[in-house]
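K.L.:
Structure in structure tokens, see below.
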Amino acid sequence: MMKLEKKDILGIREMTVDEINLILETAESFLEISTRDIKKVPTLRGKSVINLFYEASTRTRTSFEIAGKRLSADTINISASTSSVVKGETLIDTARNLEAMNPDIIVIRHSAAGAPHLLASLVSQSIINAGDGAHEHPSQALLDMMTIKAKKGKIAGLKVALVGDILHSRVARSNIYGLSKMGAQVVVAGPATMIPRDIERMGVKVYTKLDDAIADADVVMMLRIQLERQKQNIFPSLREYAQHYCLNRNNIKLAKDDVIVMHPGPMNRGVEISPDIADDPNYSVILDQVNNGVAVRMALLYLLSGGNE
């Protein structure tokens with residue numbers, strides 16, 4: 001089996017198809033550990049992982065912590081609100097101080113696009129991007145691809161619709177890179193004010209109507225409206241948004257009969273997705289995404305620590 005020839009995981013854009021497949025195959029091999037009575041293996045005993053989160057997170061932060069602990073790594077969690085950041089310490093100084101403590105891997109989430117790349121250029125440790133601004137969220141795209149592959153048996157040739165706040169979504173950007181590399185047909189939909197200019201250059205088809213985007217789709221991924229990143233109101237109201245872009249019992253019929261519905265979370269029920277679709281096991285694979293997220297993050301920690309050497 002090939003080895004991951006990377007010091008850092010900063011984005012899907014710079015990954016090859018072989019690297020994506022290696023991570024997905026490795027993650028699949030780790031799924032079984034989560035079903036054991038004792039959910040722990042000694043694989044990364046003696047390694048230390050720092051989770052450095054400058055933004056709020058439930059799924060990503062928790063799953064990276066669980067991933068490290070299931071591999072027996074020493075896992076340390078740092079949030080900006082309880083660190084020296086509140087005293088005025090810069091990201092560069094924080095990085096250099098953490099490097100001096102000699103951890104093996106630093107996982108970072110930051111509101112500024114490019115923050116993980118800056119860290120990677122400054123420290124010798126491996127850096128994993130857990131989401132940087134509206135730029136990328138590579139581990140989310142990997143777990144999404146893993147979920148699609150598990151449910152559909154393939155990625156190539158599928159029609160995948162990404163719907164919602166495309167402009168501010170790092171999840172959308174990473175998924176566009178990843179799914180396109182893996183041979184899927186990616187379409188995006190949302191209000192014109194939420195669609196990035198020239199996004200067609202990324203190889204996607206753009207719609208402003210939900211119905212047009214999800215017609216005959218194999219996969220529909222609904223995205224959260226990221227109000228915290230919007231500098232001005234770019235749609236009239238949540239009620240009006242929901243009238244045009246909420247996935248529900250009526251419009252889901254336009255997709256293929258065996259369509260799967262995804263959401264990276266957190267969900268705004270009744271705005272992006274109706275509760276009956278979000279909770280319907282015939283459609284929703286949202287909790288499968290969460291479960292696969294632990295396995296993917298285990299794979300990333302393992303491979304960056306020299307797995308398969």
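Following the order of the structure tokens, first chain is A, next is B, and so on, with residues numbered from 1 inside each chain and ligands from 1 in the order they appear.
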Please, which residues of range 141-295 of chain A, numbered as in this document, come out alpha helix (DSSP H) from DSSP, as JSON, numbers by chain?
P.N.:
{"A": [141, 142, 143, 144, 145, 146, 147, 148, 149, 150, 151, 152, 170, 171, 172, 173, 174, 175, 176, 177, 178, 179, 180, 181, 210, 211, 212, 213, 214, 238, 239, 240, 241, 242, 243, 244, 245, 275, 276, 277, 278, 286, 287, 288, 289, 290, 291, 292, 293, 294, 295]}
K.L.:
Taking only residues of range 31-133 of chain A that have an atom at most 7 Å from an atom of range 9-21 of chain A, what is each one's shortest atom pair and its distance in Å to one decimal, using only C-alpha atoms, in chain and number order, as CSV?
P.N.:
```
residue,atom,partner,partner_atom,distance
A:Pro116,CA,A:Leu10,CA,6.6
A:His117,CA,A:Leu10,CA,6.6
A:Ile127,CA,A:Ile9,CA,6.3
A:Ile128,CA,A:Ile9,CA,4.7
A:Asn129,CA,A:Leu10,CA,5.0
```
K.L.:
Please report as CSV every residue of range 104-221 of chain A lying within 7 Å of range 255-272 of chain A, along with the nearest atom pair and their distance in Å (one decimal), using only C-alpha atoms.
P.N.:
```
residue,atom,partner,partner_atom,distance
A:Ile214,CA,A:Ala255,CA,5.4
A:Ala215,CA,A:Ala255,CA,4.8
A:Asp216,CA,A:Ala255,CA,4.3
A:Ala217,CA,A:Ala255,CA,4.8
A:Asp218,CA,A:Val259,CA,4.7
A:Val219,CA,A:Ile260,CA,5.0
A:Val220,CA,A:Val261,CA,5.0
A:Met221,CA,A:Met262,CA,4.5
```
K.L.:
Just write the chosen residues, N, CA and C atoms, as a short mmCIF file (atom, residue, chain, number, x, y, z; two decimals), in the first residue's frame.
P.N.:
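Saved result, result.cif, follows:
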```
data_model
loop_
_atom_site.label_atom_id
_atom_site.label_comp_id
_atom_site.auth_asym_id
_atom_site.auth_seq_id
_atom_site.Cartn_x
_atom_site.Cartn_y
_atom_site.Cartn_z
N ILE A 214 -31.81 19.74 -8.11
CA ILE A 214 -31.94 18.40 -7.55
C ILE A 214 -32.64 17.42 -8.48
N ALA A 215 -33.10 17.88 -9.63
CA ALA A 215 -33.74 16.98 -10.60
C ALA A 215 -32.78 15.86 -10.98
N ASP A 216 -33.22 14.61 -10.77
CA ASP A 216 -32.44 13.41 -11.11
C ASP A 216 -31.11 13.32 -10.36
N ALA A 217 -31.01 13.97 -9.21
CA ALA A 217 -29.77 13.90 -8.44
C ALA A 217 -29.67 12.58 -7.69
N ASP A 218 -28.45 12.07 -7.58
CA ASP A 218 -28.17 10.87 -6.78
C ASP A 218 -27.91 11.24 -5.32
N VAL A 219 -27.35 12.43 -5.15
CA VAL A 219 -27.00 12.92 -3.81
C VAL A 219 -27.40 14.38 -3.71
N VAL A 220 -28.06 14.76 -2.62
CA VAL A 220 -28.38 16.16 -2.36
C VAL A 220 -27.75 16.54 -1.02
N MET A 221 -26.88 17.52 -1.05
CA MET A 221 -26.24 18.00 0.17
C MET A 221 -26.72 19.42 0.46
#
```
K.L.:
Give me every strand (DSSP E or B) residue in range 67-225 of chain A, going by DSSP on the backbone, as a PyMOL selection string.
P.N.:
chain A and resi 74-79+105-110+126-132+136+159-163+185-189+205-207+219-222
K.L.:
Quick one: everything within 10 Å of range 239-245 of chain A, counting only C-alpha atoms, minus sequence neighbours fewer than 5 positions away in the same chain. Send it as a VMD selection string.
P.N.:
chain A and resid 163 to 164 189 to 191 208 to 211 222 225 251 269 to 274
K.L.:
Find the residues near range 79-81 of chain A: any atom within 7 Å, counting only C-alpha atoms, skip ones fewer than 4 places away on the same chain, and give them as a PyMOL selection string.
P.N.:
chain A and resi 52-54+85-86
K.L.:
Next, write the just-selected residues to a file, as a PDB file, in the first residue's frame, keeping N, CA, C and O atoms as the atom set.
P.N.:
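Saved as again.pdb:
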```pdb
ATOM      1  N   LEU A  52      -6.422  22.821  18.118  1.00  0.00           N
ATOM      2  CA  LEU A  52      -6.396  24.260  18.361  1.00  0.00           C
ATOM      3  C   LEU A  52      -7.569  24.901  17.615  1.00  0.00           C
ATOM      4  O   LEU A  52      -7.517  25.092  16.398  1.00  0.00           O
ATOM      5  N   PHE A  53      -8.628  25.232  18.346  1.00  0.00           N
ATOM      6  CA  PHE A  53      -9.860  25.694  17.710  1.00  0.00           C
ATOM      7  C   PHE A  53     -10.153  27.147  18.069  1.00  0.00           C
ATOM      8  O   PHE A  53     -10.409  27.476  19.229  1.00  0.00           O
ATOM      9  N   TYR A  54     -10.097  27.995  17.036  1.00  0.00           N
ATOM     10  CA  TYR A  54     -10.409  29.419  17.198  1.00  0.00           C
ATOM     11  C   TYR A  54     -11.866  29.707  16.890  1.00  0.00           C
ATOM     12  O   TYR A  54     -12.306  30.839  17.020  1.00  0.00           O
ATOM     13  N   VAL A  85      -4.792  33.764  23.531  1.00  0.00           N
ATOM     14  CA  VAL A  85      -5.323  34.606  22.465  1.00  0.00           C
ATOM     15  C   VAL A  85      -6.110  35.779  23.071  1.00  0.00           C
ATOM     16  O   VAL A  85      -6.055  36.911  22.579  1.00  0.00           O
ATOM     17  N   VAL A  86      -6.849  35.504  24.154  1.00  0.00           N
ATOM     18  CA  VAL A  86      -7.646  36.562  24.777  1.00  0.00           C
ATOM     19  C   VAL A  86      -6.750  37.623  25.423  1.00  0.00           C
ATOM     20  O   VAL A  86      -7.213  38.712  25.757  1.00  0.00           O
TER      21      VAL A  86
END
```
K.L.:
Using only C-alpha atoms, which residue out of A:Met194, A:Ala130, A:Leu158, A:Leu223 lies closest to Ala172 in chain A?
P.N.:
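Nearest candidate to Ala172 in chain A out of A:Met194, A:Ala130, A:Leu158, A:Leu223: A:Leu223.
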K.L.:
Using only C-alpha atoms, pick whichever of A:Ser126, A:Ser139, A:Gln226, A:Thr26 has the shortest atom-to-atom distance to Gly307 in chain A.
P.N.:
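That would be A:Thr26, the residue with the smallest distance to Gly307 in chain A.
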K.L.:
Figure out the distance between CA of Ser174 in chain A and CA of Pro138 in chain A, please, to one decimal in Å.
P.N.:
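Separation of CA of Pro138 in chain A and CA of Ser174 in chain A: 5.8 Å.
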K.L.:
Find the residues near Ser305 in chain A: any atom within 10 Å, counting only C-alpha atoms, skip ones fewer than 4 places away on the same chain, and give them as an MDAnalysis selection string.
P.N.:
chainID A and resid 4 7 43:44 47 104:105 126 299:301 309
K.L.:
Find the residues near Asn102 in chain A: any atom within 12 Å, counting only C-alpha atoms, skip ones fewer than 5 places away on the same chain, and give them as a VMD selection string.
P.N.:
chain A and resid 46 to 50 95 to 97 123 to 126
K.L.:
Could you list, with a cut-off of 9 Å and counting only C-alpha atoms, the residues of range 128-228 of chain A near range 283-295 of chain A, each shown with its nearest atom pair and the distance in Å rounded to one decimal, rows sorted by chain and ascending number, as CSV?
P.N.:
```
residue,atom,partner,partner_atom,distance
A:Ser139,CA,A:Gly293,CA,7.5
A:Gln140,CA,A:Gly293,CA,7.2
A:Leu142,CA,A:Gly293,CA,8.2
A:Leu143,CA,A:Gly293,CA,5.2
A:Asp144,CA,A:Gln289,CA,6.2
A:Met146,CA,A:Asn292,CA,7.0
A:Thr147,CA,A:Gln289,CA,5.9
A:Ile148,CA,A:Val285,CA,9.0
A:Lys151,CA,A:Val285,CA,8.6
```
K.L.:
May I have the residues from that selection written out with C-alpha atoms, as an mmCIF file, in the first residue's frame?
P.N.:
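Now in part-v7.cif:
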```
data_model
loop_
_atom_site.group_PDB
_atom_site.id
_atom_site.type_symbol
_atom_site.label_atom_id
_atom_site.label_comp_id
_atom_site.auth_asym_id
_atom_site.auth_seq_id
_atom_site.Cartn_x
_atom_site.Cartn_y
_atom_site.Cartn_z
ATOM 1 C CA SER A 139 -11.739 16.295 6.460
ATOM 2 C CA GLN A 140 -15.437 17.093 5.973
ATOM 3 C CA LEU A 142 -13.346 13.256 2.817
ATOM 4 C CA LEU A 143 -16.023 11.953 5.190
ATOM 5 C CA ASP A 144 -18.691 13.074 2.728
ATOM 6 C CA MET A 146 -16.622 8.130 2.196
ATOM 7 C CA THR A 147 -20.349 8.246 2.969
ATOM 8 C CA ILE A 148 -21.346 8.571 -0.687
ATOM 9 C CA LYS A 151 -24.069 4.190 0.187
#
```
K.L.:
Write out as an NGL selection string each polymer residue whose atoms come within 12 Å of Asp93 in chain A, counting only C-alpha atoms; drop sequence neighbours fewer than 5 positions from it.
P.N.:
:A and (84-85 or 88 or 98-100 or 118-119 or 122-123)
